[in-house]
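A.B. asks: Input structure-v8.pdb, format and content: PDB, C-alpha atoms.
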```
ATOM      1  CA  MET H 265      48.300 143.459  60.407
ATOM      2  CA  ARG H 266      47.968 143.973  64.157
ATOM      3  CA  VAL H 267      50.861 143.037  66.450
ATOM      4  CA  VAL H 268      50.755 142.443  70.209
ATOM      5  CA  LEU H 269      54.036 142.984  72.077
ATOM      6  CA  ILE H 270      54.164 141.131  75.414
ATOM      7  CA  HIS H 271      56.967 141.767  77.893
ATOM      8  CA  GLN H 272      58.127 140.191  81.153
ATOM      9  CA  PRO H 273      57.537 142.909  83.805
ATOM     10  CA  ARG H 274      60.430 141.728  85.963
ATOM     11  CA  LEU H 275      62.809 142.660  83.135
ATOM     12  CA  PRO H 276      62.831 146.461  82.652
ATOM     13  CA  ALA H 277      64.863 146.073  79.461
ATOM     14  CA  ALA H 278      62.099 143.921  77.973
ATOM     15  CA  LEU H 279      59.629 146.807  78.237
ATOM     16  CA  ASP H 280      62.150 149.195  76.709
ATOM     17  CA  VAL H 281      62.671 146.960  73.667
ATOM     18  CA  ALA H 282      58.927 146.355  73.293
ATOM     19  CA  LYS H 283      58.245 150.101  73.304
ATOM     20  CA  MET H 284      61.020 150.683  70.783
ATOM     21  CA  LEU H 285      59.503 148.111  68.425
ATOM     22  CA  ALA H 286      56.038 149.627  68.945
ATOM     23  CA  VAL H 287      57.327 153.047  67.810
ATOM     24  CA  TRP H 288      58.985 151.456  64.787
ATOM     25  CA  LEU H 289      55.740 149.684  63.868
ATOM     26  CA  GLU H 290      53.751 152.905  64.271
ATOM     27  CA  GLN H 291      56.093 154.645  61.851
ATOM     28  CA  ARG H 292      55.176 151.985  59.308
ATOM     29  CA  GLY H 293      51.469 152.287  59.910
ATOM     30  CA  VAL H 294      51.205 148.930  61.689
ATOM     31  CA  PRO H 295      48.937 148.988  64.761
ATOM     32  CA  SER H 296      50.373 147.398  67.878
ATOM     33  CA  GLU H 297      49.746 147.064  71.600
ATOM     34  CA  VAL H 298      52.248 146.644  74.428
ATOM     35  CA  ARG H 299      51.155 144.349  77.262
ATOM     36  CA  SER H 300      52.709 142.825  80.344
ATOM     37  CA  THR H 301      52.470 139.098  81.005
ATOM     38  CA  ASN H 302      50.513 140.171  84.095
ATOM     39  CA  ASP H 303      47.885 141.746  81.827
ATOM     40  CA  LEU H 304      46.684 138.770  79.833
ATOM     41  CA  GLU H 305      43.304 138.115  81.381
ATOM     42  CA  ALA H 306      41.225 139.233  78.382
ATOM     43  CA  PRO H 307      41.497 136.863  75.393
ATOM     44  CA  PRO H 308      43.221 137.947  72.177
ATOM     45  CA  THR H 309      41.061 139.973  69.789
ATOM     46  CA  GLY H 310      42.245 140.565  66.260
ATOM     47  CA  GLU H 311      45.985 140.074  66.745
ATOM     48  CA  GLN H 312      47.746 138.554  63.732
ATOM     49  CA  LEU H 313      51.246 138.318  65.198
ATOM     50  CA  ALA H 314      52.516 138.097  68.792
ATOM     51  CA  VAL H 315      55.991 138.979  70.052
ATOM     52  CA  GLY H 316      57.240 137.861  73.466
ATOM     53  CA  PHE H 317      60.064 139.717  75.209
ATOM     54  CA  GLY H 318      61.579 137.540  77.937
ATOM     55  CA  GLY H 319      62.712 133.969  78.444
ATOM     56  CA  ASP H 320      60.999 130.634  77.957
ATOM     57  CA  GLY H 321      58.678 131.331  80.898
ATOM     58  CA  THR H 322      57.316 134.342  79.029
ATOM     59  CA  VAL H 323      56.834 132.180  75.935
ATOM     60  CA  LEU H 324      54.845 129.620  77.949
ATOM     61  CA  ARG H 325      52.602 132.343  79.370
ATOM     62  CA  VAL H 326      51.912 133.833  75.941
ATOM     63  CA  ALA H 327      51.235 130.368  74.482
ATOM     64  CA  ARG H 328      48.567 129.706  77.118
ATOM     65  CA  TRP H 329      47.029 133.117  76.492
ATOM     66  CA  LEU H 330      46.810 132.528  72.739
ATOM     67  CA  ASP H 331      44.906 129.339  73.617
ATOM     68  CA  GLY H 332      45.392 127.615  70.286
ATOM     69  CA  ARG H 333      44.482 130.612  68.125
ATOM     70  CA  PRO H 334      46.295 130.789  64.767
ATOM     71  CA  VAL H 335      48.524 133.675  65.841
ATOM     72  CA  PRO H 336      52.248 133.078  65.153
ATOM     73  CA  LEU H 337      54.540 133.870  68.078
ATOM     74  CA  VAL H 338      57.996 135.448  67.737
ATOM     75  CA  PRO H 339      60.039 135.029  70.974
ATOM     76  CA  VAL H 340      62.764 137.628  71.617
ATOM     77  CA  LYS H 341      65.574 136.212  73.761
ATOM     78  CA  MET H 342      65.684 138.317  76.912
ATOM     79  CA  GLY H 343      65.497 135.781  79.730
ATOM     80  CA  THR H 344      67.824 133.396  81.511
ATOM     81  CA  VAL H 345      66.585 130.397  79.515
ATOM     82  CA  ASN H 346      65.892 131.053  75.821
ATOM     83  CA  PHE H 347      65.630 127.605  74.288
ATOM     84  CA  LEU H 348      62.478 128.669  72.410
ATOM     85  CA  GLY H 349      63.864 132.070  71.400
ATOM     86  CA  GLU H 350      63.936 133.353  67.817
ATOM     87  CA  LEU H 351      65.469 136.846  67.763
ATOM     88  CA  ASP H 352      68.133 138.642  69.782
ATOM     89  CA  PRO H 353      67.042 142.079  71.039
ATOM     90  CA  ASP H 354      69.981 143.791  69.346
ATOM     91  CA  GLU H 355      68.676 142.543  65.972
ATOM     92  CA  LEU H 356      65.565 144.680  66.354
ATOM     93  CA  PRO H 357      63.897 146.439  64.707
ATOM     94  CA  THR H 358      65.580 145.602  61.387
ATOM     95  CA  ALA H 359      65.239 141.827  61.717
ATOM     96  CA  PHE H 360      61.491 142.161  62.284
ATOM     97  CA  GLU H 361      60.803 143.442  58.764
ATOM     98  CA  PRO H 362      60.468 139.963  57.150
ATOM     99  CA  TYR H 363      57.899 138.890  59.753
ATOM    100  CA  LEU H 364      55.644 141.778  58.762
ATOM    101  CA  ALA H 365      55.902 140.614  55.163
ATOM    102  CA  GLY H 366      54.961 137.042  56.153
ATOM    103  CA  ASP H 367      58.416 135.759  55.239
ATOM    104  CA  PHE H 368      58.622 132.968  57.836
ATOM    105  CA  TRP H 369      57.703 129.318  58.312
ATOM    106  CA  LEU H 370      55.483 127.948  61.061
ATOM    107  CA  ASP H 371      56.966 125.772  63.778
ATOM    108  CA  GLU H 372      53.804 124.159  65.140
ATOM    109  CA  ARG H 373      54.064 122.599  68.600
ATOM    110  CA  ALA H 374      51.702 120.241  70.393
ATOM    111  CA  MET H 375      50.132 121.351  73.671
ATOM    112  CA  LEU H 376      48.628 119.283  76.479
ATOM    113  CA  ALA H 377      45.441 119.594  78.494
ATOM    114  CA  ALA H 378      45.123 118.656  82.175
ATOM    115  CA  ARG H 379      42.262 118.442  84.653
ATOM    116  CA  ILE H 380      41.817 117.253  88.228
ATOM    117  CA  CYS H 381      39.468 114.378  87.421
ATOM    118  CA  GLU H 382      37.788 114.186  90.853
ATOM    119  CA  ASP H 383      36.196 117.539  90.013
ATOM    120  CA  GLU H 384      34.018 117.181  86.907
ATOM    121  CA  HIS H 385      33.581 120.939  86.806
ATOM    122  CA  GLY H 386      37.240 121.676  87.434
ATOM    123  CA  THR H 387      39.218 124.006  85.245
ATOM    124  CA  ARG H 388      40.717 122.546  82.127
ATOM    125  CA  ARG H 389      44.266 123.862  81.862
ATOM    126  CA  ILE H 390      46.419 123.797  78.763
ATOM    127  CA  GLY H 391      50.185 124.042  78.602
ATOM    128  CA  LEU H 392      53.033 123.980  76.121
ATOM    129  CA  ASN H 393      55.566 122.240  78.377
ATOM    130  CA  ASP H 394      54.243 119.908  81.041
ATOM    131  CA  ALA H 395      51.797 118.887  83.729
ATOM    132  CA  VAL H 396      53.316 117.809  87.041
ATOM    133  CA  MET H 397      52.078 116.055  90.164
ATOM    134  CA  THR H 398      54.466 116.400  93.071
ATOM    135  CA  ARG H 399      54.671 116.425  96.829
ATOM    136  CA  ALA H 400      53.969 119.767  98.470
ATOM    137  CA  GLN H 401      55.301 120.730 101.883
ATOM    138  CA  THR H 402      55.272 117.197 103.235
ATOM    139  CA  PRO H 403      58.664 115.495 103.632
ATOM    140  CA  ARG H 404      57.030 112.164 102.804
ATOM    141  CA  VAL H 405      57.679 110.553  99.445
ATOM    142  CA  ALA H 406      54.803 110.789  96.971
ATOM    143  CA  ARG H 407      53.144 107.578  95.798
ATOM    144  CA  ILE H 408      51.773 108.135  92.310
ATOM    145  CA  GLU H 409      50.181 105.479  90.134
ATOM    146  CA  VAL H 410      50.516 105.930  86.370
ATOM    147  CA  VAL H 411      47.586 104.722  84.268
ATOM    148  CA  VAL H 412      47.670 104.872  80.459
ATOM    149  CA  ASP H 413      44.447 104.278  78.519
ATOM    150  CA  GLN H 414      42.850 102.740  81.625
ATOM    151  CA  THR H 415      45.752 100.310  82.074
ATOM    152  CA  ALA H 416      47.889 100.536  85.214
ATOM    153  CA  VAL H 417      51.561 100.826  84.258
ATOM    154  CA  THR H 418      53.407 101.370  87.545
ATOM    155  CA  CYS H 419      53.216 103.075  90.909
ATOM    156  CA  TYR H 420      56.128 105.357  91.707
ATOM    157  CA  ALA H 421      57.508 106.212  95.119
ATOM    158  CA  ALA H 422      59.101 109.479  94.078
ATOM    159  CA  ASP H 423      59.208 113.245  94.501
ATOM    160  CA  GLY H 424      56.731 113.544  91.639
ATOM    161  CA  VAL H 425      55.789 112.622  88.086
ATOM    162  CA  ILE H 426      56.016 114.821  84.979
ATOM    163  CA  VAL H 427      53.926 114.452  81.831
ATOM    164  CA  SER H 428      55.513 116.544  79.098
ATOM    165  CA  THR H 429      55.043 117.433  75.463
ATOM    166  CA  ALA H 430      57.878 117.328  72.943
ATOM    167  CA  THR H 431      58.582 120.977  73.771
ATOM    168  CA  GLY H 432      58.621 120.211  77.488
ATOM    169  CA  SER H 433      60.888 117.210  76.971
ATOM    170  CA  THR H 434      63.867 119.592  76.943
ATOM    171  CA  ALA H 435      62.816 121.237  80.226
ATOM    172  CA  TYR H 436      61.956 119.714  83.639
ATOM    173  CA  SER H 437      61.562 116.240  82.169
ATOM    174  CA  LEU H 438      65.086 116.318  80.721
ATOM    175  CA  ALA H 439      66.476 117.483  84.073
ATOM    176  CA  ALA H 440      64.734 114.491  85.680
ATOM    177  CA  GLY H 441      66.384 112.087  83.246
ATOM    178  CA  GLY H 442      63.719 111.871  80.546
ATOM    179  CA  PRO H 443      64.343 111.538  76.791
ATOM    180  CA  VAL H 444      64.313 114.375  74.276
ATOM    181  CA  LEU H 445      61.617 114.362  71.581
ATOM    182  CA  THR H 446      61.902 116.302  68.345
ATOM    183  CA  PRO H 447      59.679 119.408  68.256
ATOM    184  CA  GLN H 448      57.334 117.957  65.617
ATOM    185  CA  SER H 449      56.436 114.952  67.789
ATOM    186  CA  ARG H 450      52.942 114.856  69.302
ATOM    187  CA  SER H 451      53.801 112.128  71.809
ATOM    188  CA  LEU H 452      53.818 112.550  75.581
ATOM    189  CA  VAL H 453      56.714 111.709  77.901
ATOM    190  CA  ILE H 454      55.998 110.417  81.426
ATOM    191  CA  THR H 455      59.009 110.871  83.713
ATOM    192  CA  ALA H 456      59.394 110.190  87.431
ATOM    193  CA  VAL H 457      61.296 112.673  89.603
ATOM    194  CA  ALA H 458      63.829 110.931  91.856
ATOM    195  CA  PRO H 459      62.014 107.551  91.912
ATOM    196  CA  GLN H 460      62.837 104.855  94.438
ATOM    197  CA  PHE H 461      63.192 101.211  93.458
ATOM    198  CA  SER H 462      62.079 101.641  89.854
ATOM    199  CA  SER H 463      63.828 100.704  86.621
ATOM    200  CA  LEU H 464      61.091 102.410  84.573
ATOM    201  CA  ARG H 465      62.190 106.005  84.930
ATOM    202  CA  SER H 466      60.500 107.322  81.802
ATOM    203  CA  LEU H 467      57.930 106.244  79.213
ATOM    204  CA  VAL H 468      56.927 107.706  75.826
ATOM    205  CA  VAL H 469      53.264 107.273  74.841
ATOM    206  CA  PRO H 470      51.492 108.184  71.572
ATOM    207  CA  GLU H 471      49.414 111.302  71.010
ATOM    208  CA  THR H 472      46.194 109.306  71.382
ATOM    209  CA  ALA H 473      47.083 108.181  74.917
ATOM    210  CA  ARG H 474      45.072 109.269  77.939
ATOM    211  CA  VAL H 475      47.291 109.508  81.007
ATOM    212  CA  ARG H 476      46.009 109.487  84.586
ATOM    213  CA  LEU H 477      48.213 110.157  87.622
ATOM    214  CA  ILE H 478      46.601 108.920  90.851
ATOM    215  CA  ASN H 479      47.688 110.003  94.316
ATOM    216  CA  ARG H 480      48.040 106.687  96.158
ATOM    217  CA  GLY H 481      49.644 108.204  99.244
ATOM    218  CA  ALA H 482      48.162 109.361 102.544
ATOM    219  CA  CYS H 483      48.998 113.049 102.024
ATOM    220  CA  SER H 484      47.717 115.589  99.530
ATOM    221  CA  LEU H 485      49.923 116.390  96.542
ATOM    222  CA  VAL H 486      49.923 119.374  94.198
ATOM    223  CA  SER H 487      49.600 119.607  90.435
ATOM    224  CA  SER H 488      50.654 122.380  88.098
ATOM    225  CA  VAL H 489      50.739 123.080  84.374
ATOM    226  CA  ASP H 490      53.779 124.899  82.990
ATOM    227  CA  GLY H 491      54.717 125.750  86.583
ATOM    228  CA  GLN H 492      51.644 127.930  87.027
ATOM    229  CA  PRO H 493      48.970 127.975  89.759
ATOM    230  CA  GLU H 494      49.093 124.809  91.792
ATOM    231  CA  GLN H 495      46.007 122.733  92.563
ATOM    232  CA  THR H 496      45.710 120.282  95.430
ATOM    233  CA  VAL H 497      45.268 116.596  94.650
ATOM    234  CA  ALA H 498      43.776 114.799  97.653
ATOM    235  CA  PRO H 499      44.590 111.164  98.489
ATOM    236  CA  ARG H 500      42.989 108.929  95.826
ATOM    237  CA  GLY H 501      42.509 112.006  93.666
ATOM    238  CA  ALA H 502      43.904 112.068  90.140
ATOM    239  CA  LEU H 503      45.151 114.261  87.339
ATOM    240  CA  ASP H 504      44.127 113.495  83.756
ATOM    241  CA  VAL H 505      46.503 114.566  80.969
ATOM    242  CA  ALA H 506      46.255 114.243  77.183
ATOM    243  CA  ILE H 507      47.442 115.981  74.034
ATOM    244  CA  ALA H 508      45.200 118.993  73.449
ATOM    245  CA  PRO H 509      43.571 119.924  70.138
ATOM    246  CA  GLU H 510      45.131 123.374  70.567
ATOM    247  CA  THR H 511      48.618 124.003  69.211
ATOM    248  CA  CYS H 512      51.138 126.832  69.464
ATOM    249  CA  SER H 513      52.784 128.146  66.290
ATOM    250  CA  PHE H 514      56.132 129.912  66.301
ATOM    251  CA  ALA H 515      57.169 132.165  63.428
ATOM    252  CA  ARG H 516      60.653 131.018  62.373
ATOM    253  CA  ARG H 517      63.072 132.114  59.681
ATOM    254  CA  GLY H 518      66.103 130.006  60.533
ATOM    255  CA  ASP H 519      67.187 126.530  59.540
ATOM    256  CA  ARG H 520      64.554 123.893  60.284
ATOM    257  CA  LEU H 521      67.319 121.691  61.695
ATOM    258  CA  ALA H 522      68.537 124.350  64.128
ATOM    259  CA  PHE H 523      66.866 122.423  66.973
ATOM    260  CA  TYR H 524      69.615 119.800  66.910
ATOM    261  CA  ARG H 525      72.425 122.351  67.043
ATOM    262  CA  GLY H 526      70.656 124.213  69.822
ATOM    263  CA  LEU H 527      70.229 121.003  71.789
ATOM    264  CA  ALA H 528      73.928 120.185  71.535
ATOM    265  CA  ALA H 529      74.836 123.702  72.639
ATOM    266  CA  ARG H 530      72.424 123.538  75.558
ATOM    267  CA  LEU H 531      73.738 120.212  76.776
ATOM    268  CA  GLY H 532      77.248 121.676  76.579
ATOM    269  CA  ARG H 533      78.869 118.303  76.252
ATOM    270  CA  LYS H 534      81.659 117.063  74.047
ATOM    271  CA  THR H 535      80.917 113.841  72.259
ATOM    272  CA  ALA H 536      83.146 110.812  71.903
ATOM    273  CA  CYS H 537      83.671 111.887  68.269
ATOM    274  CA  ALA H 538      85.131 115.295  69.213
ATOM    275  CA  SER H 539      88.726 115.699  68.157
TER     276      SER H 539
END
```
In structure tokens, how does this file's structure come out?

C.D. replies:
Amino acid sequence: MRVVLIHQPRLPAALDVAKMLAVWLEQRGVPSEVRSTNDLEAPPTGEQLAVGFGGDGTVLRVARWLDGRPVPLVPVKMGTVNFLGELDPDELPTAFEPYLAGDFWLDERAMLAARICEDEHGTRRIGLNDAVMTRAQTPRVARIEVVVDQTAVTCYAADGVIVSTATGSTAYSLAAGGPVLTPQSRSLVITAVAPQFSSLRSLVVPETARVRLINRGACSLVSSVDGQPEQTVAPRGALDVAIAPETCSFARRGDRLAFYRGLAARLGRKTACAS
């Protein structure tokens, strides 16, 4: 087995823990490589297990780098937001032993693909969380038409529109008022950010849906996937989004229902049934 250990360079402790685990693996005759998230230009070659040291942003970067390859990812919780995390750093290296033995289950998550459709040769971008079209520096409200399977649904006057996966439904989309999907869902969630005069704040569409966001305003907007490099969307330009054939697999050992407990803890709210 070959293990790649990927750390967030803005967190010095993440590099320290990654190096510690690399030494531990070497002592067991397991080849490994330590990389920064800034050093993921070359595609993966021969890795059988990936470990991310950071927060959810690090996980998203590693997921894009793996690009749908069947390499399980083990996220170590070392960031500010660790909703996707699996292990605490103080559990290492002991808690990593079962992963080497293949004693884990796969938590497979849907990814999305996005492309600026006015550019037929534009870069296809994949993401684990979401694709977003939003206003840039202009103070003017964005006017974004939502088209699903070539059928116009609505035109939002808003700060932006988010198209998220089930994984992304607990991120920006949730903050904007969207629903939460269970991790196994392959649906997409379309959520407007601060919409004006609209009762349709969010919409869930099936995995077969093809979503197009069209810039109907007079100013250019920007699009991004998982918060990474922005691309300009000119007036009348559009962003196409759909579920990608690629998936991201997390190596898990905990309870398969832990998602629901984690969600309740993250929301930090008492229910009406609390005594």

A.B. asks: Find the residues near Gln312 (chain H): any atom within 7 Å, counting only C-alpha atoms, skip ones fewer than 5 places away on the same chain, and give them as a compact mmCIF listing (two decimals) with C-alpha atoms, keeping the file's coordinate frame.

C.D. replies:
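New file around_28.txt:
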```txt
# COMPACT_ATOMS: atom_id res chain seq x y z
CA MET H 265 48.30 143.46 60.41
CA ARG H 266 47.97 143.97 64.16
CA VAL H 267 50.86 143.04 66.45
CA VAL H 335 48.52 133.68 65.84
```

A.B. asks: Just say which residues the PyMOL selection byres ((chain H and resi 305) around 12) picks in this file, as a PyMOL selection string.

C.D. replies: chain H and resi 299-304+306-309+325-326+328-331

A.B. asks: Closest to Thr455 (chain H) among H:Thr415, H:Thr429, H:Gln492, H:Ser437, using all atoms listed in the file?

C.D. replies: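 Of H:Thr415, H:Thr429, H:Gln492, H:Ser437, the one nearest Thr455 (chain H), counting all atoms listed in the file, is H:Ser437.
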
A.B. asks: Where does the PyMOL selection byres ((chain H and resi 296) around 9) land in this file, that is, which residues does it pick, as a ChimeraX atom specification?

C.D. replies: /H:265-269,286-287,289-290,294-295,297-298,311

A.B. asks: List every residue of region 463-523 of chain H that has an atom at most 6 Å from any atom of region 361-380 of chain H, and for each one report the closest atom pair and its distance in Å to one decimal, counting all atoms listed in the file, with rows sorted by chain and then by increasing residue number, as a tab-separated table.

C.D. replies:
```
residue	atom	partner	partner_atom	distance
H:Ala502	CA	H:Ile380	CA	5.9
H:Leu503	CA	H:Ile380	CA	4.6
H:Asp504	CA	H:Arg379	CA	5.4
H:Val505	CA	H:Ala378	CA	4.5
H:Ala506	CA	H:Ala377	CA	5.6
H:Ile507	CA	H:Leu376	CA	4.3
H:Ala508	CA	H:Leu376	CA	4.6
H:Thr511	CA	H:Ala374	CA	5.0
H:Cys512	CA	H:Arg373	CA	5.2
H:Ser513	CA	H:Glu372	CA	4.3
H:Phe514	CA	H:Asp371	CA	4.9
H:Ala515	CA	H:Leu370	CA	5.1
H:Arg516	CA	H:Trp369	CA	5.3
H:Arg517	CA	H:Phe368	CA	4.9
```
